[in-house]
>>> print(open('target19.cif').read())   # mmCIF, C-alpha atoms
data_run
#
loop_
_atom_site.label_atom_id
_atom_site.label_comp_id
_atom_site.auth_asym_id
_atom_site.auth_seq_id
_atom_site.Cartn_x
_atom_site.Cartn_y
_atom_site.Cartn_z
CA MET A 1 98.92 67.97 127.11
CA ASN A 2 99.83 65.36 124.48
CA LEU A 3 102.47 62.66 124.91
CA MET A 4 105.17 64.56 123.04
CA GLU A 5 104.65 67.59 125.30
CA LYS A 6 104.66 65.44 128.44
CA LEU A 7 108.04 64.08 127.42
CA GLY A 8 109.46 67.31 126.04
CA MET A 9 108.33 69.97 128.51
CA PRO A 10 110.49 68.76 131.45
CA LEU A 11 113.52 68.71 129.14
CA LEU A 12 112.83 72.23 127.89
CA HIS A 13 112.61 73.46 131.47
CA LYS A 14 116.12 72.16 132.14
CA VAL A 15 117.70 74.52 129.63
CA ASP A 16 117.99 78.30 129.50
CA PRO A 17 114.53 79.84 128.83
CA GLU A 18 115.57 81.66 125.67
CA THR A 19 117.18 78.48 124.29
CA ALA A 20 113.99 76.58 125.13
CA HIS A 21 111.96 79.18 123.28
CA GLY A 22 114.16 78.76 120.23
CA LEU A 23 113.63 75.00 120.36
CA ALA A 24 109.85 75.51 120.53
CA ILE A 25 110.00 77.65 117.39
CA LYS A 26 112.10 74.97 115.70
CA ALA A 27 109.52 72.31 116.62
CA LEU A 28 106.83 74.40 114.93
CA GLN A 29 108.97 74.83 111.83
CA LEU A 30 109.55 71.07 111.63
CA GLY A 31 105.91 70.17 112.24
CA ALA A 32 106.77 68.48 115.53
CA ALA A 33 104.46 70.62 117.70
CA ALA A 34 100.78 70.09 118.55
CA SER A 35 98.73 70.70 115.41
CA PRO A 36 94.99 70.06 115.84
CA GLY A 37 94.25 72.23 112.83
CA LEU A 38 91.08 74.32 112.67
CA VAL A 39 89.23 74.46 115.99
CA THR A 40 85.81 76.02 115.51
CA SER A 41 82.04 75.75 115.94
CA PRO A 42 79.03 77.98 115.25
CA ARG A 43 79.37 79.30 118.81
CA LEU A 44 83.13 79.97 118.56
CA ARG A 45 83.15 81.70 115.17
CA THR A 46 83.16 85.41 115.74
CA SER A 47 83.91 88.77 114.16
CA PHE A 48 85.75 91.69 115.69
CA ALA A 49 87.25 94.86 114.22
CA GLY A 50 86.27 93.66 110.76
CA LEU A 51 88.05 90.31 111.12
CA ASP A 52 86.31 86.92 110.93
CA VAL A 53 88.01 84.31 113.11
CA PRO A 54 87.17 80.61 113.63
CA ASN A 55 87.56 80.95 117.39
CA PRO A 56 88.40 83.80 119.78
CA VAL A 57 91.67 82.35 121.15
CA GLY A 58 94.71 84.13 119.74
CA LEU A 59 98.46 84.13 120.24
CA ALA A 60 100.01 87.32 121.60
CA ALA A 61 103.03 88.96 120.01
CA GLY A 62 106.50 88.00 121.17
CA PHE A 63 106.33 84.26 120.64
CA ASP A 64 107.23 84.33 116.95
CA LYS A 65 109.13 87.60 116.82
CA ASN A 66 110.52 87.10 113.33
CA ALA A 67 107.60 85.37 111.56
CA THR A 68 109.58 82.16 111.05
CA ALA A 69 106.90 79.66 112.17
CA LEU A 70 103.79 80.92 110.39
CA LEU A 71 102.69 77.59 108.95
CA GLY A 72 103.09 75.72 112.25
CA LEU A 73 101.17 78.40 114.13
CA SER A 74 98.38 78.34 111.56
CA ARG A 75 97.82 74.66 112.43
CA ALA A 76 98.06 75.02 116.22
CA GLY A 77 94.39 75.75 116.91
CA PHE A 78 94.58 79.53 117.26
CA GLY A 79 91.75 81.62 115.85
CA PHE A 80 94.34 84.29 114.97
CA PHE A 81 97.91 85.11 115.88
CA GLU A 82 100.24 88.08 116.09
CA VAL A 83 103.95 88.06 115.25
CA GLY A 84 106.69 90.60 116.01
CA ALA A 85 107.38 93.13 117.30
CA ALA A 86 109.09 94.35 114.15
CA THR A 87 111.22 97.48 113.98
CA PRO A 88 112.46 99.29 110.84
CA ARG A 89 116.04 98.08 111.32
CA ALA A 90 117.18 94.77 112.79
CA GLN A 91 118.40 95.07 116.37
CA PRO A 92 119.88 92.62 118.89
CA GLY A 93 117.82 93.72 121.89
CA ASN A 94 119.10 93.78 125.43
CA PRO A 95 122.02 91.73 126.76
CA LYS A 96 121.40 88.11 127.82
CA PRO A 97 120.09 86.67 130.07
CA ARG A 98 116.86 88.50 129.41
CA LEU A 99 114.14 85.87 129.90
CA PHE A 100 113.40 84.26 133.28
CA ARG A 101 110.95 81.54 134.30
CA LEU A 102 109.09 82.09 137.55
CA THR A 103 107.88 78.52 137.89
CA GLU A 104 106.33 78.83 141.34
CA ASP A 105 104.30 81.79 140.09
CA ARG A 106 103.45 80.29 136.66
CA ALA A 107 104.94 83.47 135.23
CA ALA A 108 107.87 84.91 133.30
CA ILE A 109 109.89 88.11 133.26
CA ASN A 110 111.43 89.33 130.01
CA ARG A 111 113.51 92.30 129.02
CA PHE A 112 114.16 91.41 125.39
CA GLY A 113 114.04 94.99 124.12
CA PHE A 114 112.45 94.38 120.69
CA ASN A 115 115.13 92.01 119.39
CA ASN A 116 114.16 91.18 115.79
CA ASP A 117 115.41 90.74 112.24
CA GLY A 118 113.93 94.03 111.02
CA MET A 119 110.94 94.84 108.83
CA GLU A 120 112.49 93.83 105.49
CA ALA A 121 113.26 90.25 106.56
CA ILE A 122 109.95 89.90 108.37
CA ALA A 123 107.98 91.28 105.41
CA SER A 124 109.59 88.76 103.07
CA ARG A 125 108.45 85.90 105.34
CA LEU A 126 104.96 87.33 105.71
CA ALA A 127 104.73 87.49 101.92
CA GLN A 128 104.89 83.65 101.96
CA ARG A 129 102.29 83.33 104.72
CA PRO A 130 99.49 80.74 104.81
CA ARG A 131 96.43 82.46 103.37
CA ASP A 132 93.86 80.63 105.49
CA ALA A 133 95.11 82.14 108.76
CA VAL A 134 94.38 85.52 110.38
CA ILE A 135 97.80 87.06 111.01
CA GLY A 136 98.78 90.38 112.55
CA LEU A 137 102.07 92.17 113.18
CA ASN A 138 103.14 94.02 116.30
CA LEU A 139 104.78 97.31 115.28
CA GLY A 140 107.78 98.57 117.25
CA ALA A 141 110.39 101.32 117.26
CA ASN A 142 114.15 101.06 117.15
CA LYS A 143 115.88 101.73 120.45
CA ASP A 144 118.20 104.34 118.93
CA SER A 145 115.63 105.93 116.63
CA GLU A 146 115.51 109.72 116.45
CA ASP A 147 111.79 109.58 115.72
CA ARG A 148 110.16 106.56 117.35
CA ALA A 149 106.66 107.63 116.41
CA ALA A 150 107.63 107.58 112.74
CA ASP A 151 109.05 104.05 113.09
CA PHE A 152 105.58 102.56 113.69
CA ALA A 153 104.23 104.09 110.48
CA LYS A 154 107.34 102.98 108.58
CA VAL A 155 106.90 99.32 109.58
CA LEU A 156 103.20 99.38 108.72
CA ALA A 157 103.87 100.88 105.31
CA HIS A 158 106.49 98.22 104.56
CA CYS A 159 104.66 95.15 105.90
CA GLY A 160 100.99 96.09 105.70
CA ALA A 161 100.26 94.41 102.36
CA HIS A 162 100.87 90.99 103.96
CA LEU A 163 98.80 91.52 107.12
CA ASP A 164 95.26 91.10 108.37
CA PHE A 165 95.83 93.55 111.23
CA ALA A 166 98.60 95.56 112.86
CA THR A 167 99.22 96.53 116.49
CA VAL A 168 100.89 99.71 117.71
CA ASN A 169 102.96 98.66 120.72
CA VAL A 170 103.79 101.59 123.00
CA SER A 171 103.47 99.47 126.13
CA SER A 172 106.69 97.45 126.34
CA PRO A 173 108.62 98.34 129.50
CA ASN A 174 111.90 97.20 127.95
CA THR A 175 112.64 100.10 125.61
CA GLU A 176 113.49 103.23 127.57
CA LYS A 177 110.80 105.92 127.51
CA LEU A 178 108.63 103.94 125.07
CA ARG A 179 105.70 104.00 127.50
CA ASP A 180 105.87 107.80 127.42
CA LEU A 181 104.15 107.51 124.04
CA GLN A 182 100.98 106.42 125.88
CA GLY A 183 100.43 110.08 126.92
CA LYS A 184 97.53 111.83 125.20
CA ALA A 185 99.40 114.30 122.97
CA ALA A 186 102.19 111.90 121.98
CA LEU A 187 99.75 109.05 121.32
CA SER A 188 97.46 111.21 119.18
CA ALA A 189 100.37 112.31 117.01
CA LEU A 190 101.76 108.78 116.72
CA LEU A 191 98.42 107.28 115.73
CA ALA A 192 97.82 110.02 113.17
CA GLY A 193 101.04 108.98 111.45
CA VAL A 194 100.10 105.29 111.55
CA MET A 195 96.64 105.99 110.14
CA ASP A 196 98.19 108.01 107.31
CA ALA A 197 100.43 105.04 106.52
CA ARG A 198 97.39 102.77 106.50
CA GLU A 199 95.69 104.97 103.90
CA GLY A 200 98.61 104.24 101.59
CA LEU A 201 98.04 100.47 101.71
CA SER A 202 96.23 98.60 98.96
CA LYS A 203 94.00 97.03 101.63
CA LYS A 204 92.76 98.98 104.66
CA ILE A 205 93.60 96.70 107.58
CA PRO A 206 92.48 97.15 111.21
CA VAL A 207 94.92 98.89 113.54
CA PHE A 208 95.05 97.99 117.23
CA LEU A 209 96.76 99.65 120.19
CA LYS A 210 98.43 97.61 122.93
CA ILE A 211 98.53 99.25 126.35
CA ALA A 212 100.23 98.61 129.67
CA PRO A 213 98.40 97.44 132.81
CA ASP A 214 100.23 99.97 134.99
CA LEU A 215 98.03 102.94 134.10
CA SER A 216 95.86 105.08 136.36
CA GLU A 217 92.16 105.44 135.74
CA ALA A 218 92.76 108.96 134.41
CA GLU A 219 95.44 107.70 132.01
CA LEU A 220 93.11 104.94 130.81
CA ALA A 221 90.36 107.49 130.20
CA GLU A 222 92.74 109.56 128.07
CA ILE A 223 93.73 106.51 126.03
CA ALA A 224 90.07 105.59 125.50
CA GLU A 225 89.38 109.13 124.31
CA VAL A 226 92.33 109.15 121.90
CA ALA A 227 91.46 105.67 120.61
CA LEU A 228 87.91 106.69 119.75
CA GLU A 229 89.01 109.99 118.16
CA SER A 230 91.81 108.47 116.09
CA GLY A 231 89.76 105.76 114.42
CA LEU A 232 91.55 102.84 116.05
CA ASP A 233 89.88 99.50 115.48
CA ALA A 234 90.62 97.81 118.84
CA ILE A 235 92.67 98.01 122.04
CA ILE A 236 94.73 95.12 123.39
CA ALA A 237 94.64 95.09 127.19
CA THR A 238 97.24 94.42 128.41
CA ASN A 239 100.98 94.03 127.97
CA THR A 240 103.33 92.98 130.79
CA THR A 241 103.48 94.66 134.20
CA LEU A 242 106.24 96.17 136.33
CA ASP A 243 104.34 95.13 139.47
CA ARG A 244 105.99 92.43 141.59
CA ASP A 245 103.45 92.04 144.41
CA GLY A 246 103.05 88.54 145.84
CA LEU A 247 105.72 86.78 143.78
CA MET A 248 107.57 83.78 145.23
CA SER A 249 110.12 82.73 142.61
CA GLN A 250 113.84 83.41 142.92
CA HIS A 251 113.84 85.60 139.80
CA LYS A 252 111.08 87.92 141.06
CA GLY A 253 113.50 90.85 141.35
CA GLU A 254 114.68 90.77 137.75
CA MET A 255 114.07 93.88 135.67
CA GLY A 256 111.58 93.66 132.82
CA GLY A 257 107.94 92.95 132.16
CA LEU A 258 106.10 90.32 134.18
CA SER A 259 103.62 88.07 132.36
CA GLY A 260 101.63 84.99 133.27
CA ALA A 261 99.29 84.03 136.09
CA PRO A 262 100.00 87.01 138.44
CA LEU A 263 98.84 89.41 135.71
CA PHE A 264 95.36 87.93 135.30
CA GLU A 265 93.36 89.99 137.82
CA LYS A 266 95.15 93.28 137.17
CA SER A 267 94.82 93.04 133.39
CA THR A 268 91.17 91.95 133.60
CA ARG A 269 90.30 94.96 135.79
CA VAL A 270 91.93 97.28 133.23
CA LEU A 271 89.98 95.51 130.48
CA ALA A 272 86.68 95.99 132.31
CA GLN A 273 87.46 99.66 132.96
CA LEU A 274 88.21 100.23 129.28
CA SER A 275 85.03 98.41 128.32
CA ALA A 276 83.02 100.75 130.50
CA MET A 277 84.85 103.85 129.25
CA THR A 278 84.40 103.00 125.57
CA GLU A 279 80.77 101.87 126.09
CA GLY A 280 81.13 99.00 123.65
CA LYS A 281 82.13 101.30 120.77
CA LEU A 282 85.58 99.74 120.44
CA PRO A 283 86.41 96.02 120.41
CA LEU A 284 88.86 94.91 123.10
CA VAL A 285 91.37 92.08 123.08
CA GLY A 286 91.87 90.52 126.51
CA VAL A 287 95.37 89.31 127.33
CA GLY A 288 97.25 88.64 130.55
CA GLY A 289 97.41 85.49 132.65
CA ILE A 290 95.09 83.22 130.65
CA SER A 291 95.87 79.53 131.13
CA ASN A 292 92.46 77.81 130.86
CA ALA A 293 89.01 78.15 129.33
CA GLU A 294 87.49 79.64 132.49
CA GLN A 295 89.98 82.52 132.46
CA ALA A 296 89.47 83.13 128.73
CA TYR A 297 85.73 83.18 129.38
CA ALA A 298 86.19 85.62 132.28
CA LYS A 299 88.02 88.03 129.95
CA ILE A 300 85.20 87.82 127.42
CA CYS A 301 82.56 88.39 130.09
CA ALA A 302 84.60 91.38 131.35
CA GLY A 303 84.46 92.99 127.91
CA ALA A 304 86.88 91.27 125.52
CA SER A 305 85.68 90.31 122.05
CA VAL A 306 88.63 87.92 121.71
CA VAL A 307 91.61 86.91 123.85
CA GLN A 308 95.33 86.25 123.46
CA LEU A 309 97.77 84.13 125.46
CA TYR A 310 101.48 83.38 125.48
CA THR A 311 103.21 82.72 128.82
CA ALA A 312 100.85 79.88 129.77
CA LEU A 313 102.24 77.91 126.82
CA VAL A 314 105.57 77.72 128.68
CA TYR A 315 103.88 75.63 131.36
CA GLY A 316 100.96 73.99 129.55
CA GLY A 317 102.27 73.37 126.06
CA LEU A 318 100.77 74.26 122.71
CA SER A 319 98.02 71.64 122.97
CA MET A 320 96.30 73.86 125.56
CA VAL A 321 95.17 76.19 122.76
CA ALA A 322 92.64 73.70 121.39
CA ASP A 323 91.65 72.73 124.95
CA ILE A 324 90.85 76.36 125.79
CA ALA A 325 88.85 76.87 122.60
CA ARG A 326 86.78 73.72 123.14
CA GLY A 327 86.31 74.58 126.81
CA LEU A 328 85.05 78.02 125.82
CA ASP A 329 82.50 76.40 123.55
CA ASP A 330 81.23 74.36 126.49
CA LEU A 331 81.06 77.39 128.79
CA LEU A 332 79.13 79.44 126.24
CA ALA A 333 76.68 76.57 125.81
CA ARG A 334 76.34 76.14 129.57
CA ASP A 335 75.33 79.76 130.03
CA GLY A 336 72.94 79.80 127.09
CA PHE A 337 74.99 81.98 124.71
CA ASP A 338 74.60 81.23 121.02
CA ASN A 339 77.88 82.95 120.17
CA VAL A 340 80.90 84.72 121.64
CA ALA A 341 79.56 88.20 120.92
CA ASP A 342 76.52 87.65 123.13
CA ALA A 343 78.78 86.96 126.13
CA VAL A 344 81.03 90.02 125.70
CA GLY A 345 80.77 92.27 128.76
CA SER A 346 78.01 90.21 130.36
CA LYS A 347 79.81 90.24 133.74
CA ARG A 348 81.83 93.42 133.39
CA SER A 349 80.47 94.82 136.65
CA ASP A 350 82.17 91.99 138.55
CA TRP A 351 85.53 93.58 137.75
CA LEU A 352 84.70 97.24 138.36
#
>>> encode(input="target19.cif", output="structure tokens")
Amino acid sequence: MNLMEKLGMPLLHKVDPETAHGLAIKALQLGAAASPGLVTSPRLRTSFAGLDVPNPVGLAAGFDKNATALLGLSRAGFGFFEVGAATPRAQPGNPKPRLFRLTEDRAAINRFGFNNDGMEAIASRLAQRPRDAVIGLNLGANKDSEDRAADFAKVLAHCGAHLDFATVNVSSPNTEKLRDLQGKAALSALLAGVMDAREGLSKKIPVFLKIAPDLSEAELAEIAEVALESGLDAIIATNTTLDRDGLMSQHKGEMGGLSGAPLFEKSTRVLAQLSAMTEGKLPLVGVGGISNAEQAYAKICAGASVVQLYTALVYGGLSMVADIARGLDDLLARDGFDNVADAVGSKRSDWL
């Protein structure tokens, strides 16, 4: 953690979490956040789902919902980052308060409900994006939509020209019945519509699917089957959980999705299961509870080609991104791996 973060983090934690998040975005816009620039090495450079990234440490969706800090994020050390979720129409999301710090658990609970400026505003910002970054968009559906499945395709069609990848998000627990779209028939139909929209783009970009950690083994097997049949390019495992086991913080009973440290083991087990089910035929993105290089490395060894983080930044600051990437380089060297790809799934059995 750099000096500015050491001074600023305690102050941010004294204000409402959503206000603090807004201030963090403002710091990125003003160039006042950690900005190590490109963090890479021959070992860290990797390819997945047709994307070439300088390192495998990415930012998960939800941090920059409205694509307002693209330049700052491109200089923060991430190998790639994902903005959104974006819905066809702007919507306010759920009533405040809707974001809670669980400091004792190094976690957070949110029930934002896809608050965003809508695809038109977000597309106009993405059109001005830095070209040397790998940027994706999380696709969402409006809460009051009559056809949520069609919303995902609509956002992709509108924003796709400005993206390197797009993620279908049917795993947020904060939009009623959204997770129902993870069922086999509904998911197959939804993805067919998204893939049709992709065919209409001038550039065929990879499409990912983000899933919840609260799925049975049978449900995971169905998703793996649909993913392989539909031509998906990767699965992101996982989004937030509804599980509250073992929490200590005063806000543990709040409704919404839990992210951060308590999610690490659960999400990594799901990742390893998916890795086994897909037999290496589909790249996986490991997300959930990563706060250091060892945990990022564990996700890779469990089957992830790359990783994403978000909640840990609340407690460790943006400078941790470069620390994790450099630490990963050291761990790969320690274990004799010449590159990230060689380590993928090397210890998957530990999590099964």
>>> residues_near_point(input="target19.cif", point="(102.2, 87.6, 137.7)", cutoff="9 Å", atoms="all atoms listed in the file", output="PyMOL selection string")
chain A and resi 102+105-109+240-241+243-247+258-264+288-289
>>> resolve_selection(input="target19.cif", expression="the PyMOL selection byres ((chain A and resi 179-190) around 12)", output="VMD selection string")
chain A and resid 139 to 141 147 to 154 168 to 178 191 to 197 209 to 216 218 to 232 239 to 242
>>> closest_residue(input="target19.cif", among="A:Leu156, A:Val207, A:Val314, A:Val344", to="Pro17 (chain A)", atoms="all atoms listed in the file")
A:Val314
>>> closest_atom_pairs(input="target19.cif", of="region 175-265 of chain A", to="region 36-48 of chain A", cutoff="12 Å", atoms="all atoms listed in the file", output="JSON lines")
{"residue": "A:Pro206", "atom": "CA", "partner": "A:Phe48", "partner_atom": "CA", "distance": 9.8}
{"residue": "A:Val207", "atom": "CA", "partner": "A:Phe48", "partner_atom": "CA", "distance": 11.9}
{"residue": "A:Phe208", "atom": "CA", "partner": "A:Phe48", "partner_atom": "CA", "distance": 11.3}
{"residue": "A:Asp233", "atom": "CA", "partner": "A:Phe48", "partner_atom": "CA", "distance": 8.8}
{"residue": "A:Ala234", "atom": "CA", "partner": "A:Phe48", "partner_atom": "CA", "distance": 8.4}
{"residue": "A:Ile235", "atom": "CA", "partner": "A:Phe48", "partner_atom": "CA", "distance": 11.3}
>>> closest_residue(input="target19.cif", among="A:Cys301, A:Leu126, A:Ile324, A:Leu99", to="Ala69 (chain A)", atoms="only C-alpha atoms")
A:Leu126
>>> residues_around(input="target19.cif", residues="Phe112 (chain A)", least_positions_apart="3", cutoff="7 Å", atoms="only C-alpha atoms", output="ChimeraX atom specification")
/A:93-94,98,115,174
>>> closest_residue(input="target19.cif", among="A:Lys65, A:Arg334, A:Arg75, A:Arg129", to="Gly113 (chain A)", atoms="all atoms listed in the file")
A:Lys65
>>> residues_around(input="target19.cif", residues="Ile135 (chain A)", least_positions_apart="4", cutoff="7 Å", atoms="only C-alpha atoms", output="list in words")
Phe80, Phe81, Glu82, Leu163, Asp164 and Phe165 of chain A
>>> residues_around(input="target19.cif", residues="Ala298 (chain A)", least_positions_apart="5", cutoff="10 Å", atoms="all atoms listed in the file", output="list in words")
Phe264, Thr268, Gly286, Ile290, Ala293, Gly303, Ala304, Ala343, Val344, Gly345, Ser346, Lys347, Arg348, Asp350 and Trp351 of chain A
>>> residues_near_point(input="target19.cif", point="(86.6, 97.1, 133.6)", cutoff="7 Å", atoms="only C-alpha atoms", output="list in words")
Thr268, Arg269, Val270, Leu271, Ala272, Gln273, Leu274, Ser275, Ala276, Ala302, Arg348, Trp351 and Leu352 of chain A
>>> resolve_selection(input="target19.cif", expression="the PyMOL selection byres ((chain A and resi 162) around 12)", output="ChimeraX atom specification")
/A:67,119,122-131,133-137,155-161,163-166,201-205
>>> atom_distance(input="target19.cif", atom1="CA of His251 (chain A)", atom2="CA of Tyr310 (chain A)")
19.0 Å
>>> residues_around(input="target19.cif", residues="region 22-35 of chain A", least_positions_apart="6", cutoff="7 Å", atoms="all atoms listed in the file", output="compact mmCIF listing (two decimals) with C-alpha atoms, keeping the file's coordinate frame")
# COMPACT_ATOMS: atom_id res chain seq x y z
CA ALA A 69 106.90 79.66 112.17
CA GLY A 72 103.09 75.72 112.25
CA LEU A 73 101.17 78.40 114.13
CA ARG A 75 97.82 74.66 112.43
CA ALA A 76 98.06 75.02 116.22
CA GLY A 77 94.39 75.75 116.91
CA LEU A 318 100.77 74.26 122.71
CA SER A 319 98.02 71.64 122.97
>>> residues_around(input="target19.cif", residues="Val287 (chain A)", least_positions_apart="2", cutoff="7 Å", atoms="only C-alpha atoms", output="mmCIF file with C-alpha atoms, keeping the file's coordinate frame")
data_model
loop_
_atom_site.group_PDB
_atom_site.id
_atom_site.type_symbol
_atom_site.label_atom_id
_atom_site.label_comp_id
_atom_site.auth_asym_id
_atom_site.auth_seq_id
_atom_site.Cartn_x
_atom_site.Cartn_y
_atom_site.Cartn_z
ATOM 1 C CA ALA A 237 94.640 95.090 127.190
ATOM 2 C CA THR A 238 97.240 94.420 128.410
ATOM 3 C CA VAL A 285 91.370 92.080 123.080
ATOM 4 C CA GLY A 289 97.410 85.490 132.650
ATOM 5 C CA ILE A 290 95.090 83.220 130.650
ATOM 6 C CA VAL A 307 91.610 86.910 123.850
ATOM 7 C CA GLN A 308 95.330 86.250 123.460
ATOM 8 C CA LEU A 309 97.770 84.130 125.460
#
>>> closest_residue(input="target19.cif", among="A:Gly256, A:Gly280, A:Gly316, A:Gly84", to="Met9 (chain A)", atoms="all atoms listed in the file")
A:Gly316
>>> axis_aligned_box(input="target19.cif", around="region 51-66 of chain A", padding_each_side="8 Å", output="AutoDock Vina command-line options")
--center_x 98.4 --center_y 85.5 --center_z 116.3 --size_x 40.2 --size_y 25.7 --size_z 26.7
>>> closest_residue(input="target19.cif", among="A:Leu282, A:Ala20, A:Val306, A:Ala121", to="Thr68 (chain A)", atoms="only C-alpha atoms")
A:Ala121
>>> closest_residue(input="target19.cif", among="A:Met255, A:Glu146, A:Gln91, A:Ser249", to="Arg111 (chain A)", atoms="all atoms listed in the file")
A:Met255
>>> build_atoms(input="target19.cif", residues="region 183-204 of chain A", atoms="N, CA and C atoms", output="CSV table (one decimal), in the coordinates of the input")
chain,number,residue,atom,x,y,z
A,183,GLY,N,101.0,108.8,126.5
A,183,GLY,CA,100.4,110.1,126.9
A,183,GLY,C,99.6,110.6,125.8
A,184,LYS,N,98.6,111.4,126.2
A,184,LYS,CA,97.5,111.8,125.2
A,184,LYS,C,98.1,112.5,124.0
A,185,ALA,N,98.9,113.5,124.1
A,185,ALA,CA,99.4,114.3,123.0
A,185,ALA,C,100.3,113.4,122.1
A,186,ALA,N,101.2,112.7,122.7
A,186,ALA,CA,102.2,111.9,122.0
A,186,ALA,C,101.5,110.8,121.3
A,187,LEU,N,100.5,110.2,121.9
A,187,LEU,CA,99.8,109.0,121.3
A,187,LEU,C,98.9,109.5,120.1
A,188,SER,N,98.3,110.7,120.3
A,188,SER,CA,97.5,111.2,119.2
A,188,SER,C,98.3,111.4,117.9
A,189,ALA,N,99.5,112.0,118.1
A,189,ALA,CA,100.4,112.3,117.0
A,189,ALA,C,100.9,111.0,116.4
A,190,LEU,N,101.3,110.1,117.2
A,190,LEU,CA,101.8,108.8,116.7
A,190,LEU,C,100.7,108.1,115.9
A,191,LEU,N,99.5,108.0,116.4
A,191,LEU,CA,98.4,107.3,115.7
A,191,LEU,C,98.0,108.0,114.4
A,192,ALA,N,98.1,109.3,114.4
A,192,ALA,CA,97.8,110.0,113.2
A,192,ALA,C,98.8,109.6,112.1
A,193,GLY,N,100.1,109.4,112.4
A,193,GLY,CA,101.0,109.0,111.4
A,193,GLY,C,100.8,107.6,111.0
A,194,VAL,N,100.4,106.7,111.9
A,194,VAL,CA,100.1,105.3,111.6
A,194,VAL,C,98.9,105.2,110.6
A,195,MET,N,97.8,106.0,111.0
A,195,MET,CA,96.6,106.0,110.1
A,195,MET,C,96.9,106.5,108.7
A,196,ASP,N,97.8,107.5,108.6
A,196,ASP,CA,98.2,108.0,107.3
A,196,ASP,C,98.9,106.9,106.5
A,197,ALA,N,99.7,106.1,107.2
A,197,ALA,CA,100.4,105.0,106.5
A,197,ALA,C,99.4,104.0,106.1
A,198,ARG,N,98.4,103.7,106.9
A,198,ARG,CA,97.4,102.8,106.5
A,198,ARG,C,96.7,103.2,105.2
A,199,GLU,N,96.4,104.5,105.1
A,199,GLU,CA,95.7,105.0,103.9
A,199,GLU,C,96.5,104.7,102.6
A,200,GLY,N,97.8,104.5,102.8
A,200,GLY,CA,98.6,104.2,101.6
A,200,GLY,C,98.7,102.8,101.2
A,201,LEU,N,98.0,101.9,102.0
A,201,LEU,CA,98.0,100.5,101.7
A,201,LEU,C,97.0,100.1,100.7
A,202,SER,N,97.2,99.0,100.0
A,202,SER,CA,96.2,98.6,99.0
A,202,SER,C,95.0,98.1,99.6
A,203,LYS,N,95.1,97.6,100.9
A,203,LYS,CA,94.0,97.0,101.6
A,203,LYS,C,94.0,97.7,103.0
A,204,LYS,N,92.9,98.3,103.4
A,204,LYS,CA,92.8,99.0,104.7
A,204,LYS,C,92.6,98.0,105.8
